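One structure is given here, and the rest of the page talks about it.
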Amino acid sequence: MADTNLTPDEIAFTNAFNAQRITLAGFANCSSKEELHIVRDGFYLGLASDLRLEEYEPIREAVVTDSSVAEAVRSENSFRRTVEAARKSKQWNHLIKVVKAMAASVGSDLDEIWMTLEKGRLEWLAAASAAHGIKVMLKTALANQCGGGAMEGDVSDAMMIWMYALSLSIPSLEKEGEAWRKLVQMSDKSRPLVGYKAELWDCRKNEWAPLDRGVQAAAERGGSSIDEAWRL
């Protein structure tokens, strides 16, 4: 049910923002800051269009007259080319200021919204990259187990080691990681398999839960999930 207390500007902005959520969700598919900024600027461009800002018209003209946009139609580069063409316009920076001002006038901070997504994604990409080597090692070991396949418990044990490795690149989990290292008697925090004692790596231990939750939360902030990242 619509909120009848909203002003016309608030309604217009809310509708435009909701229409662009699918664009904003593209942050979860980005693998670099450059790609993230393409999504960000595409989101701003979409807002300007949906809000029917007069400042959008010269940007639209710059896009439709750009040959690279026409060449990329119906290709995977179409979105990128559109954003890059819009950025070339002399009016681009002014348009962004107008969009942000419109958002601020209805109580929405677009910079804060975006930076939350960008920081979350970049943190997760860094963590996944840093822990990729040990994940490959663990999955290879599971695949080579005798008997034709890994048991469910073995997979869970391997994922615990990998999740710990992920936590090393998540600054907010430093305390939780240290607590877990002490519990499992890890001698080298960056090499969890050295001196590994399987009996100590028990997910029922109280010290595991906050580390587990923290890593899963980091995955979600980055537009992913632990199960999805393990499969990649």
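Numbering starts fresh at 1 for the residues of each chain in the structure tokens, the chains themselves are lettered A, B, ... in the order given, and ligands are numbered from 1 as they appear.
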What's around Gly177 of chain A at 9 Å? Count only C-alpha atoms, leave out sequence neighbours fewer than 2 positions away in its own chain, and write the answer as a PyMOL selection string. chain A and resi 164+167-168+173-175+179-182+189+207-208+211
Would you write out those residues with all heavy atoms, as a CSV table (one decimal), in the first residue's frame?
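See part_37.csv below for the written result:
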```csv
chain,number,residue,atom,x,y,z
A,164,TYR,N,38.0,-19.8,7.0
A,164,TYR,CA,39.0,-19.1,7.9
A,164,TYR,C,39.9,-18.3,7.0
A,164,TYR,O,40.3,-17.2,7.3
A,164,TYR,CB,39.8,-20.2,8.7
A,164,TYR,CG,41.0,-19.6,9.3
A,164,TYR,CD1,41.0,-18.8,10.4
A,164,TYR,CD2,42.3,-19.7,8.6
A,164,TYR,CE1,42.1,-18.1,10.9
A,164,TYR,CE2,43.4,-19.1,9.1
A,164,TYR,CZ,43.3,-18.3,10.2
A,164,TYR,OH,44.4,-17.7,10.7
A,167,SER,N,38.5,-15.1,6.0
A,167,SER,CA,38.5,-14.2,7.1
A,167,SER,C,39.7,-13.3,7.3
A,167,SER,O,39.7,-12.2,7.8
A,167,SER,CB,38.1,-14.9,8.4
A,167,SER,OG,39.3,-15.6,8.9
A,168,LEU,N,40.9,-13.9,6.8
A,168,LEU,CA,42.1,-13.2,6.9
A,168,LEU,C,42.1,-11.8,6.2
A,168,LEU,O,42.9,-10.9,6.5
A,168,LEU,CB,43.3,-14.1,6.4
A,168,LEU,CG,43.6,-15.3,7.3
A,168,LEU,CD1,44.6,-16.1,6.6
A,168,LEU,CD2,44.0,-15.0,8.7
A,173,LEU,N,37.1,-9.0,11.1
A,173,LEU,CA,37.1,-10.3,11.7
A,173,LEU,C,38.4,-10.7,12.3
A,173,LEU,O,38.6,-11.9,12.6
A,173,LEU,CB,36.7,-11.4,10.7
A,173,LEU,CG,35.2,-11.3,10.1
A,173,LEU,CD1,35.0,-12.4,9.1
A,173,LEU,CD2,34.2,-11.4,11.3
A,174,GLU,N,39.2,-9.7,12.5
A,174,GLU,CA,40.6,-10.0,13.1
A,174,GLU,C,40.5,-10.7,14.5
A,174,GLU,O,41.2,-11.6,14.8
A,174,GLU,CB,41.4,-8.7,13.2
A,174,GLU,CG,42.8,-8.9,13.7
A,174,GLU,CD,43.6,-7.6,13.7
A,174,GLU,OE1,43.1,-6.6,13.3
A,174,GLU,OE2,44.7,-7.7,14.2
A,175,LYS,N,39.6,-10.1,15.3
A,175,LYS,CA,39.5,-10.7,16.7
A,175,LYS,C,38.9,-12.1,16.6
A,175,LYS,O,39.4,-13.0,17.3
A,175,LYS,CB,38.5,-9.8,17.5
A,175,LYS,CG,38.3,-10.3,18.9
A,175,LYS,CD,37.4,-9.3,19.7
A,175,LYS,CE,36.0,-9.3,19.2
A,175,LYS,NZ,35.1,-8.5,20.0
A,179,ALA,N,40.8,-15.7,17.9
A,179,ALA,CA,40.2,-16.6,18.8
A,179,ALA,C,40.2,-18.0,18.3
A,179,ALA,O,40.5,-19.0,19.0
A,179,ALA,CB,38.8,-16.1,19.2
A,180,TRP,N,39.9,-18.1,17.0
A,180,TRP,CA,39.8,-19.5,16.4
A,180,TRP,C,41.2,-20.0,16.2
A,180,TRP,O,41.4,-21.2,16.5
A,180,TRP,CB,39.2,-19.4,15.0
A,180,TRP,CG,39.0,-20.7,14.4
A,180,TRP,CD1,39.6,-21.3,13.3
A,180,TRP,CD2,38.1,-21.8,14.9
A,180,TRP,NE1,39.2,-22.6,13.1
A,180,TRP,CE2,38.3,-22.9,14.0
A,180,TRP,CE3,37.2,-21.8,15.9
A,180,TRP,CZ2,37.5,-24.1,14.2
A,180,TRP,CZ3,36.4,-23.0,16.1
A,180,TRP,CH2,36.6,-24.1,15.2
A,181,ARG,N,42.2,-19.2,15.9
A,181,ARG,CA,43.6,-19.7,15.8
A,181,ARG,C,44.1,-20.3,17.1
A,181,ARG,O,44.7,-21.4,17.1
A,181,ARG,CB,44.5,-18.6,15.3
A,181,ARG,CG,44.4,-18.2,13.9
A,181,ARG,CD,45.5,-17.3,13.4
A,181,ARG,NE,45.5,-16.0,14.0
A,181,ARG,CZ,44.8,-15.0,13.5
A,181,ARG,NH1,44.0,-15.2,12.5
A,181,ARG,NH2,44.8,-13.8,14.1
A,182,LYS,N,43.8,-19.6,18.2
A,182,LYS,CA,44.2,-20.1,19.5
A,182,LYS,C,43.5,-21.5,19.8
A,182,LYS,O,44.1,-22.4,20.3
A,182,LYS,CB,43.8,-19.1,20.6
A,182,LYS,CG,44.7,-17.9,20.5
A,182,LYS,CD,44.3,-16.9,21.6
A,182,LYS,CE,45.2,-15.6,21.6
A,182,LYS,NZ,44.8,-14.7,22.7
A,189,LYS,N,49.2,-18.2,11.1
A,189,LYS,CA,47.9,-17.8,10.8
A,189,LYS,C,47.6,-17.8,9.3
A,189,LYS,O,46.4,-17.9,8.9
A,189,LYS,CB,47.6,-16.4,11.4
A,189,LYS,CG,48.2,-15.2,10.6
A,189,LYS,CD,47.7,-13.9,11.2
A,189,LYS,CE,48.1,-12.7,10.4
A,189,LYS,NZ,47.6,-11.4,10.9
A,207,GLU,N,33.5,-20.6,19.4
A,207,GLU,CA,34.4,-19.7,18.7
A,207,GLU,C,34.2,-19.6,17.2
A,207,GLU,O,34.6,-18.7,16.5
A,207,GLU,CB,35.9,-20.0,19.0
A,207,GLU,CG,36.3,-19.7,20.5
A,207,GLU,CD,36.0,-20.8,21.4
A,207,GLU,OE1,35.3,-21.8,21.0
A,207,GLU,OE2,36.4,-20.8,22.6
A,208,TRP,N,33.6,-20.7,16.7
A,208,TRP,CA,33.4,-20.8,15.2
A,208,TRP,C,32.2,-19.9,14.8
A,208,TRP,O,32.3,-19.3,13.7
A,208,TRP,CB,33.2,-22.2,14.8
A,208,TRP,CG,32.9,-22.3,13.3
A,208,TRP,CD1,31.8,-22.6,12.6
A,208,TRP,CD2,33.9,-22.0,12.2
A,208,TRP,NE1,31.9,-22.5,11.3
A,208,TRP,CE2,33.2,-22.1,11.0
A,208,TRP,CE3,35.2,-21.6,12.2
A,208,TRP,CZ2,33.8,-21.9,9.8
A,208,TRP,CZ3,35.9,-21.4,11.0
A,208,TRP,CH2,35.2,-21.5,9.8
A,211,LEU,N,32.8,-16.3,13.6
A,211,LEU,CA,33.7,-16.2,12.4
A,211,LEU,C,32.9,-16.7,11.2
A,211,LEU,O,32.9,-16.0,10.1
A,211,LEU,CB,34.9,-17.2,12.6
A,211,LEU,CG,36.0,-17.1,11.5
A,211,LEU,CD1,36.6,-15.7,11.5
A,211,LEU,CD2,37.0,-18.2,11.7
```
Non-local contacts of Ala126 of chain A (9 Å; only C-alpha atoms; under 5 positions in same chain excluded) as a ChimeraX atom specification: /A:121,131,166,169-170
Go through A:Gln216, A:Val99, A:Met137, A:Thr82 one by one, measure the shortest atom-to-atom distance of each to Glu228 of chain A using only C-alpha atoms, and give the residue with the smallest value.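 Among the listed residues, the smallest separation from Glu228 of chain A belongs to A:Gln216.
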So that I can check the surroundings of Val136 of chain A, please list as a ChimeraX atom specification every protein, DNA and RNA residue that reaches within 12 Å of it, counting only C-alpha atoms and ignoring chain neighbours fewer than 2 positions away. /A:128-134,138-143,158-159,161-162,229-232
Residue list (helix (DSSP H, G or I), DSSP) for segment 68-179 of chain A, as a VMD selection string: chain A and resid 68 to 71 78 to 88 92 to 105 110 to 130 132 to 143 152 to 167 171 to 179
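When the distance limit is 12 Å and only C-alpha atoms are what count, the residues near Ser89 of chain A, minus those fewer than 6 positions from it on the same chain, are A:Glu55, A:Tyr56, A:Glu57, A:Pro58, A:Ile59, A:Arg60, A:Glu61, A:Ala62, A:Val63, A:Val64, A:Thr65, A:Asp66, A:Thr82, A:Val83, A:Leu95, A:Ile96.
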